[in-house]
Amino acid sequence: MNRKALITILLLLCGVFVVAGLWPFDFHPDNRVMLLREENGLRLAGVGNARSREPFSFSDTLFRNRSFSFEILVRPHQEPLKDVPAMVSVCDVSGIEHLFIGQWRSTLIIRRPERSSPPSKRYREVGVANALHQDRTRLITVTASEQETAVFLDGARARTFPRHSLLPGAVRLTGYLVIGNAHSGRSFWSGDLLGLRIYDRALQDHEVRLHTRGWPKIGIHPPAIEQGVIADYDFDRRDAPLAVNRSGPLPDLVVTHAFQPVHRTMLELPWERGWRLLPDAEDIFINIAGFVPFGFFFSFLLRGTSSLSARHVVLAAVTAGTAFSLAIEITQAYLPMRNSSATDLVCNICGTIIGALVLIKTRYVPEQ
């Protein structure tokens with residue numbers, strides 16, 4: 001095979017890698033969150049989120065009394081199978097979700113990071129099965145204290161998790177309240193969020209039942225004398241593009257025109273993927289197999305145009321494959337719909353090595 005043909009093949013391979021790695025080349029995708037017209041609420045229909053207008057102190061608001069409660073009125077449009085997308089999360093400026101409330105299939109998922117200093121990206125997770133069904137409206141109440149976490153569905157206590165606290169350790173935290181996707185566009189919740197109310201105390205069972213009875217008539221709003229309310233978002237479309245906090249110190253939520261992740265992760269490590277410890281075997285196979293031809297043909301080109309030894313041919317091929325893959329992964333960190341992954345980089349390097357070694361073993365290349 002002549003030099004021109006080898007260069008053409010390599011350029012085609014690089015083009016395929018760029019398209020596969022960076023498609024759809026959108027650095028500012030539309031934020032697919034909108035206020036409903038027929039009723040108060042937010043509709044999340046793809047990649048997007050609503051988030052606090054500015055960062056705020058978790059320690060001085062949500063966690064100040066070492067207990068809290070969330071009331072969330074939701075109507076899922078799907079029952080996600082592969083990912084665990086977030087409905088509501090409390091995310092610090094470094095991208096750690098200190099409280100995560102999401103969905104997997106019909107299961108409600110709640111998690112928090114392991115208590116450590118600095119905060120960890122390893123999470124503890126609990127779930128409530130058969131809590132969320134497609135196109136069914138449900139009032140979810142989560143109460144948390146140092147002693148336990150309790151989950152209520154439409155006013156009825158569904159699960160209690162003794163000795164499982166959602167409260168963080170004794171660290172001062174600052175960040176955002178986020179509805180929908182916090183980090184990237186690969187995992188998103190689809191549905192309507194019709195109301196969100198947050199307290200800086202744990203609601204009692206009778207209070208949860210009282211709020212639920214009033215909801216069909218007045219939404220999730222309890223009487224005006226209710227104590228401990230730090231946020232009350234009713235998502236009135238007249239407030240667009242804001243979701244105004246009607247009560248308490250938490251900032252308003254803003255729906256931006258373009259999707260903006262809270263934190264961009266560069267070369268994410270496999271154990272930092274909160275909902276899944278290891279990548280899919282399919283992803284690993286594709287990332288290795290895709291770079292095998294690159295390693296093979298790049299080594300073939302060097303063999304025919306230089307007098308390099310086998311060791312130097314492999315080294316040159318691996319260096320080129322590493323540099324090209326690294327450029328793609330760094331660019332992915334600035335594409336909200338893609339994830340920059342250290343696992344993908346390592347797999348691409350392994351594929352390049354395999355391709356170069358296949359060339360060395362099948363074509364004569366001097367060892368020295």
# chains A, B, ... in the order shown; residues from 1 in each chain; ligands from 1

call {"tool": "residues_around", "arguments": {"residues": "Ala129 of chain A", "least_positions_apart": "2", "cutoff": "10 Å", "atoms": "only C-alpha atoms", "output": "JSON list (two decimals) with N, CA, C and O atoms, in the first residue's frame"}}
result
[["chain", "number", "residue", "atom", "x", "y", "z"],
["A", 103, "GLN", "N", -34.63, 9.49, 39.28],
["A", 103, "GLN", "CA", -35.52, 8.39, 38.91],
["A", 103, "GLN", "C", -34.78, 7.36, 38.09],
["A", 103, "GLN", "O", -34.01, 7.70, 37.19],
["A", 104, "TRP", "N", -35.02, 6.08, 38.40],
["A", 104, "TRP", "CA", -34.58, 4.97, 37.56],
["A", 104, "TRP", "C", -35.76, 4.02, 37.42],
["A", 104, "TRP", "O", -36.26, 3.49, 38.40],
["A", 105, "ARG", "N", -36.23, 3.85, 36.18],
["A", 105, "ARG", "CA", -37.47, 3.13, 35.93],
["A", 105, "ARG", "C", -38.57, 3.78, 36.77],
["A", 105, "ARG", "O", -38.80, 4.98, 36.68],
["A", 106, "SER", "N", -39.26, 3.00, 37.59],
["A", 106, "SER", "CA", -40.30, 3.60, 38.44],
["A", 106, "SER", "C", -39.80, 3.84, 39.86],
["A", 106, "SER", "O", -40.59, 4.14, 40.75],
["A", 107, "THR", "N", -38.49, 3.71, 40.07],
["A", 107, "THR", "CA", -37.92, 3.83, 41.40],
["A", 107, "THR", "C", -37.43, 5.26, 41.66],
["A", 107, "THR", "O", -36.75, 5.85, 40.82],
["A", 108, "LEU", "N", -37.79, 5.78, 42.82],
["A", 108, "LEU", "CA", -37.27, 7.07, 43.27],
["A", 108, "LEU", "C", -35.90, 6.83, 43.89],
["A", 108, "LEU", "O", -35.75, 5.99, 44.78],
["A", 109, "ILE", "N", -34.89, 7.55, 43.41],
["A", 109, "ILE", "CA", -33.52, 7.39, 43.89],
["A", 109, "ILE", "C", -33.11, 8.65, 44.65],
["A", 109, "ILE", "O", -33.28, 9.77, 44.17],
["A", 127, "GLY", "N", -33.48, 3.89, 47.71],
["A", 127, "GLY", "CA", -34.51, 3.98, 46.69],
["A", 127, "GLY", "C", -35.86, 3.53, 47.21],
["A", 127, "GLY", "O", -35.96, 2.78, 48.19],
["A", 131, "ALA", "N", -42.51, 4.19, 42.78],
["A", 131, "ALA", "CA", -42.87, 5.52, 43.26],
["A", 131, "ALA", "C", -43.23, 6.47, 42.12],
["A", 131, "ALA", "O", -44.04, 7.39, 42.31],
["A", 132, "LEU", "N", -42.67, 6.24, 40.93],
["A", 132, "LEU", "CA", -42.84, 7.18, 39.82],
["A", 132, "LEU", "C", -43.25, 6.41, 38.57],
["A", 132, "LEU", "O", -42.51, 5.55, 38.09],
["A", 158, "ALA", "N", -43.88, 5.91, 52.78],
["A", 158, "ALA", "CA", -43.56, 4.76, 51.93],
["A", 158, "ALA", "C", -42.35, 3.98, 52.43],
["A", 158, "ALA", "O", -42.36, 2.74, 52.42],
["A", 159, "ARG", "N", -41.30, 4.67, 52.83],
["A", 159, "ARG", "CA", -40.09, 4.01, 53.34],
["A", 159, "ARG", "C", -39.45, 4.89, 54.39],
["A", 159, "ARG", "O", -39.48, 6.11, 54.31]]

call {"tool": "select_by_dssp", "arguments": {"residues": "segment 154-355 of chain A", "states": "helix (DSSP H, G or I)", "output": "ChimeraX atom specification"}}
result
/A:205-218,237-239,270-272,281-305,310-332,342-355

call {"tool": "write_last_selection", "arguments": {"atoms": "C-alpha atoms", "output": "PDB file, in the first residue's frame"}}
result
ATOM      1  CA  ASP A 205     -46.331  12.815  59.513  1.00  0.00           C
ATOM      2  CA  HIS A 206     -49.500  14.757  60.258  1.00  0.00           C
ATOM      3  CA  GLU A 207     -48.092  17.821  58.476  1.00  0.00           C
ATOM      4  CA  VAL A 208     -47.291  15.772  55.387  1.00  0.00           C
ATOM      5  CA  ARG A 209     -50.837  14.393  55.340  1.00  0.00           C
ATOM      6  CA  LEU A 210     -52.311  17.871  55.825  1.00  0.00           C
ATOM      7  CA  HIS A 211     -50.357  19.302  52.913  1.00  0.00           C
ATOM      8  CA  THR A 212     -51.386  16.406  50.677  1.00  0.00           C
ATOM      9  CA  ARG A 213     -55.083  16.863  51.426  1.00  0.00           C
ATOM     10  CA  GLY A 214     -54.872  20.517  50.456  1.00  0.00           C
ATOM     11  CA  TRP A 215     -52.913  19.920  47.270  1.00  0.00           C
ATOM     12  CA  PRO A 216     -55.779  19.124  44.825  1.00  0.00           C
ATOM     13  CA  LYS A 217     -57.328  22.518  45.599  1.00  0.00           C
ATOM     14  CA  ILE A 218     -54.413  24.843  46.278  1.00  0.00           C
ATOM     15  CA  ARG A 237     -45.461  31.305  33.723  1.00  0.00           C
ATOM     16  CA  ARG A 238     -45.979  35.049  34.223  1.00  0.00           C
ATOM     17  CA  ASP A 239     -42.580  35.122  35.944  1.00  0.00           C
ATOM     18  CA  PRO A 270     -14.784   5.930  36.424  1.00  0.00           C
ATOM     19  CA  TRP A 271     -15.364   6.035  40.206  1.00  0.00           C
ATOM     20  CA  GLU A 272     -16.602   9.638  39.920  1.00  0.00           C
ATOM     21  CA  ALA A 281     -18.712  -2.937  28.380  1.00  0.00           C
ATOM     22  CA  GLU A 282     -20.074  -1.775  25.027  1.00  0.00           C
ATOM     23  CA  ASP A 283     -18.458   1.665  25.444  1.00  0.00           C
ATOM     24  CA  ILE A 284     -15.137   0.080  26.399  1.00  0.00           C
ATOM     25  CA  PHE A 285     -15.196  -2.246  23.397  1.00  0.00           C
ATOM     26  CA  ILE A 286     -16.058   0.558  20.954  1.00  0.00           C
ATOM     27  CA  ASN A 287     -13.339   2.871  22.285  1.00  0.00           C
ATOM     28  CA  ILE A 288     -10.693   0.143  22.050  1.00  0.00           C
ATOM     29  CA  ALA A 289     -11.779  -1.281  18.689  1.00  0.00           C
ATOM     30  CA  GLY A 290     -12.125   2.163  17.120  1.00  0.00           C
ATOM     31  CA  PHE A 291      -8.444   3.018  17.594  1.00  0.00           C
ATOM     32  CA  VAL A 292      -7.037  -0.356  16.528  1.00  0.00           C
ATOM     33  CA  PRO A 293      -7.104   0.657  12.821  1.00  0.00           C
ATOM     34  CA  PHE A 294      -5.462   3.982  13.718  1.00  0.00           C
ATOM     35  CA  GLY A 295      -2.577   2.240  15.460  1.00  0.00           C
ATOM     36  CA  PHE A 296      -2.223  -0.251  12.617  1.00  0.00           C
ATOM     37  CA  PHE A 297      -2.214   2.187   9.690  1.00  0.00           C
ATOM     38  CA  PHE A 298      -0.134   4.838  11.475  1.00  0.00           C
ATOM     39  CA  SER A 299       2.510   2.193  12.190  1.00  0.00           C
ATOM     40  CA  PHE A 300       2.219   0.980   8.586  1.00  0.00           C
ATOM     41  CA  LEU A 301       2.913   4.536   7.393  1.00  0.00           C
ATOM     42  CA  LEU A 302       5.983   4.869   9.635  1.00  0.00           C
ATOM     43  CA  ARG A 303       7.276   1.458   8.549  1.00  0.00           C
ATOM     44  CA  GLY A 304       7.173   2.441   4.903  1.00  0.00           C
ATOM     45  CA  THR A 305       8.599   5.942   5.240  1.00  0.00           C
ATOM     46  CA  ALA A 310       9.767  -1.726  16.071  1.00  0.00           C
ATOM     47  CA  ARG A 311       9.953  -0.164  19.519  1.00  0.00           C
ATOM     48  CA  HIS A 312      10.067   3.354  18.105  1.00  0.00           C
ATOM     49  CA  VAL A 313       7.238   2.650  15.653  1.00  0.00           C
ATOM     50  CA  VAL A 314       4.980   1.552  18.513  1.00  0.00           C
ATOM     51  CA  LEU A 315       6.024   4.518  20.646  1.00  0.00           C
ATOM     52  CA  ALA A 316       5.334   6.984  17.831  1.00  0.00           C
ATOM     53  CA  ALA A 317       1.931   5.441  17.086  1.00  0.00           C
ATOM     54  CA  VAL A 318       0.924   5.508  20.762  1.00  0.00           C
ATOM     55  CA  THR A 319       2.042   9.122  21.096  1.00  0.00           C
ATOM     56  CA  ALA A 320      -0.036  10.153  18.078  1.00  0.00           C
ATOM     57  CA  GLY A 321      -3.080   8.192  19.257  1.00  0.00           C
ATOM     58  CA  THR A 322      -2.809   9.640  22.768  1.00  0.00           C
ATOM     59  CA  ALA A 323      -2.503  13.206  21.500  1.00  0.00           C
ATOM     60  CA  PHE A 324      -5.475  12.860  19.143  1.00  0.00           C
ATOM     61  CA  SER A 325      -7.699  11.178  21.734  1.00  0.00           C
ATOM     62  CA  LEU A 326      -6.709  13.716  24.400  1.00  0.00           C
ATOM     63  CA  ALA A 327      -7.637  16.588  22.085  1.00  0.00           C
ATOM     64  CA  ILE A 328     -11.090  15.066  21.574  1.00  0.00           C
ATOM     65  CA  GLU A 329     -11.644  14.470  25.308  1.00  0.00           C
ATOM     66  CA  ILE A 330     -10.586  18.015  26.230  1.00  0.00           C
ATOM     67  CA  THR A 331     -12.933  19.445  23.600  1.00  0.00           C
ATOM     68  CA  GLN A 332     -15.758  17.252  24.946  1.00  0.00           C
ATOM     69  CA  ALA A 342     -10.439   9.339  31.328  1.00  0.00           C
ATOM     70  CA  THR A 343     -11.740   5.816  30.660  1.00  0.00           C
ATOM     71  CA  ASP A 344     -12.296   6.640  26.981  1.00  0.00           C
ATOM     72  CA  LEU A 345      -8.761   8.053  26.750  1.00  0.00           C
ATOM     73  CA  VAL A 346      -7.212   4.916  28.256  1.00  0.00           C
ATOM     74  CA  CYS A 347      -9.295   2.665  25.976  1.00  0.00           C
ATOM     75  CA  ASN A 348      -8.243   4.651  22.897  1.00  0.00           C
ATOM     76  CA  ILE A 349      -4.585   4.295  23.908  1.00  0.00           C
ATOM     77  CA  CYS A 350      -5.035   0.536  24.384  1.00  0.00           C
ATOM     78  CA  GLY A 351      -6.621   0.288  20.936  1.00  0.00           C
ATOM     79  CA  THR A 352      -3.694   2.156  19.389  1.00  0.00           C
ATOM     80  CA  ILE A 353      -1.189  -0.163  21.096  1.00  0.00           C
ATOM     81  CA  ILE A 354      -3.046  -3.248  19.857  1.00  0.00           C
ATOM     82  CA  GLY A 355      -3.124  -1.920  16.295  1.00  0.00           C
TER      83      GLY A 355
END

call {"tool": "select_by_dssp", "arguments": {"residues": "segment 121-333 of chain A", "states": "strand (DSSP E or B)", "output": "NGL selection string"}}
result
:A and (123-128 or 138-144 or 148-153 or 156-162 or 174-180 or 191-199 or 229-233 or 242-243 or 245 or 253-254 or 258 or 268)

call {"tool": "decode", "arguments": {"residues": "segment 302-316 of chain A", "atoms": "all heavy atoms", "output": "tab-separated table (two decimals), in the first residue's frame"}}
result
chain	number	residue	atom	x	y	z
A	302	LEU	N	4.62	4.66	9.14
A	302	LEU	CA	5.98	4.87	9.64
A	302	LEU	C	6.93	3.79	9.11
A	302	LEU	O	8.08	4.06	8.79
A	302	LEU	CB	5.98	4.85	11.16
A	302	LEU	CG	5.29	6.03	11.86
A	302	LEU	CD1	5.37	5.86	13.36
A	302	LEU	CD2	5.94	7.36	11.45
A	303	ARG	N	6.43	2.55	9.03
A	303	ARG	CA	7.28	1.46	8.55
A	303	ARG	C	7.74	1.69	7.12
A	303	ARG	O	8.87	1.37	6.76
A	303	ARG	CB	6.48	0.15	8.64
A	303	ARG	CG	7.17	-1.05	8.01
A	303	ARG	CD	6.26	-2.26	8.07
A	303	ARG	NE	6.83	-3.39	7.35
A	303	ARG	CZ	6.69	-3.60	6.05
A	303	ARG	NH1	5.98	-2.75	5.31
A	303	ARG	NH2	7.23	-4.66	5.46
A	304	GLY	N	6.83	2.27	6.31
A	304	GLY	CA	7.17	2.44	4.90
A	304	GLY	C	7.94	3.70	4.59
A	304	GLY	O	8.48	3.85	3.50
A	305	THR	N	7.97	4.65	5.54
A	305	THR	CA	8.60	5.94	5.24
A	305	THR	C	9.77	6.27	6.15
A	305	THR	O	10.32	7.36	6.08
A	305	THR	CB	7.56	7.07	5.36
A	305	THR	OG1	7.00	7.07	6.69
A	305	THR	CG2	6.45	6.89	4.34
A	306	SER	N	10.14	5.36	7.02
A	306	SER	CA	11.26	5.63	7.93
A	306	SER	C	11.98	4.34	8.24
A	306	SER	O	11.51	3.24	7.92
A	306	SER	CB	10.76	6.29	9.22
A	306	SER	OG	10.00	5.36	9.98
A	307	SER	N	13.13	4.47	8.91
A	307	SER	CA	13.92	3.30	9.30
A	307	SER	C	13.83	3.07	10.81
A	307	SER	O	14.75	2.53	11.41
A	307	SER	CB	15.38	3.51	8.88
A	307	SER	OG	15.89	4.71	9.48
A	308	LEU	N	12.70	3.47	11.41
A	308	LEU	CA	12.53	3.32	12.85
A	308	LEU	C	12.47	1.85	13.24
A	308	LEU	O	11.96	1.00	12.48
A	308	LEU	CB	11.26	4.02	13.32
A	308	LEU	CG	11.22	5.55	13.18
A	308	LEU	CD1	9.84	6.07	13.60
A	308	LEU	CD2	12.31	6.19	14.03
A	309	SER	N	12.95	1.55	14.43
A	309	SER	CA	12.84	0.19	14.95
A	309	SER	C	11.41	-0.08	15.38
A	309	SER	O	10.57	0.83	15.47
A	309	SER	CB	13.78	0.01	16.15
A	309	SER	OG	13.34	0.83	17.24
A	310	ALA	N	11.11	-1.36	15.65
A	310	ALA	CA	9.77	-1.73	16.07
A	310	ALA	C	9.35	-0.98	17.33
A	310	ALA	O	8.21	-0.50	17.45
A	310	ALA	CB	9.71	-3.24	16.31
A	311	ARG	N	10.28	-0.85	18.28
A	311	ARG	CA	9.95	-0.16	19.52
A	311	ARG	C	9.58	1.29	19.26
A	311	ARG	O	8.63	1.81	19.83
A	311	ARG	CB	11.15	-0.25	20.47
A	311	ARG	CG	10.92	0.42	21.82
A	311	ARG	CD	12.14	0.31	22.69
A	311	ARG	NE	12.52	-1.09	22.89
A	311	ARG	CZ	13.62	-1.47	23.53
A	311	ARG	NH1	14.47	-0.56	23.99
A	311	ARG	NH2	13.88	-2.75	23.68
A	312	HIS	N	10.33	1.95	18.39
A	312	HIS	CA	10.07	3.35	18.11
A	312	HIS	C	8.80	3.54	17.27
A	312	HIS	O	8.12	4.56	17.39
A	312	HIS	CB	11.28	3.99	17.40
A	312	HIS	CG	12.45	4.17	18.32
A	312	HIS	ND1	13.63	3.50	18.15
A	312	HIS	CD2	12.60	4.93	19.44
A	312	HIS	CE1	14.48	3.84	19.10
A	312	HIS	NE2	13.88	4.71	19.89
A	313	VAL	N	8.49	2.58	16.43
A	313	VAL	CA	7.24	2.65	15.65
A	313	VAL	C	6.04	2.60	16.60
A	313	VAL	O	5.10	3.39	16.50
A	313	VAL	CB	7.18	1.49	14.63
A	313	VAL	CG1	5.75	1.36	14.07
A	313	VAL	CG2	8.16	1.74	13.49
A	314	VAL	N	6.08	1.66	17.54
A	314	VAL	CA	4.98	1.55	18.51
A	314	VAL	C	4.87	2.82	19.35
A	314	VAL	O	3.79	3.34	19.59
A	314	VAL	CB	5.17	0.31	19.41
A	314	VAL	CG1	4.13	0.29	20.54
A	314	VAL	CG2	5.07	-0.96	18.59
A	315	LEU	N	6.02	3.31	19.82
A	315	LEU	CA	6.02	4.52	20.65
A	315	LEU	C	5.46	5.72	19.89
A	315	LEU	O	4.66	6.49	20.44
A	315	LEU	CB	7.45	4.82	21.11
A	315	LEU	CG	7.62	6.05	22.01
A	315	LEU	CD1	6.82	5.87	23.30
A	315	LEU	CD2	9.11	6.27	22.33
A	316	ALA	N	5.84	5.87	18.63
A	316	ALA	CA	5.33	6.98	17.83
A	316	ALA	C	3.84	6.87	17.60
A	316	ALA	O	3.09	7.86	17.68
A	316	ALA	CB	6.08	7.05	16.50
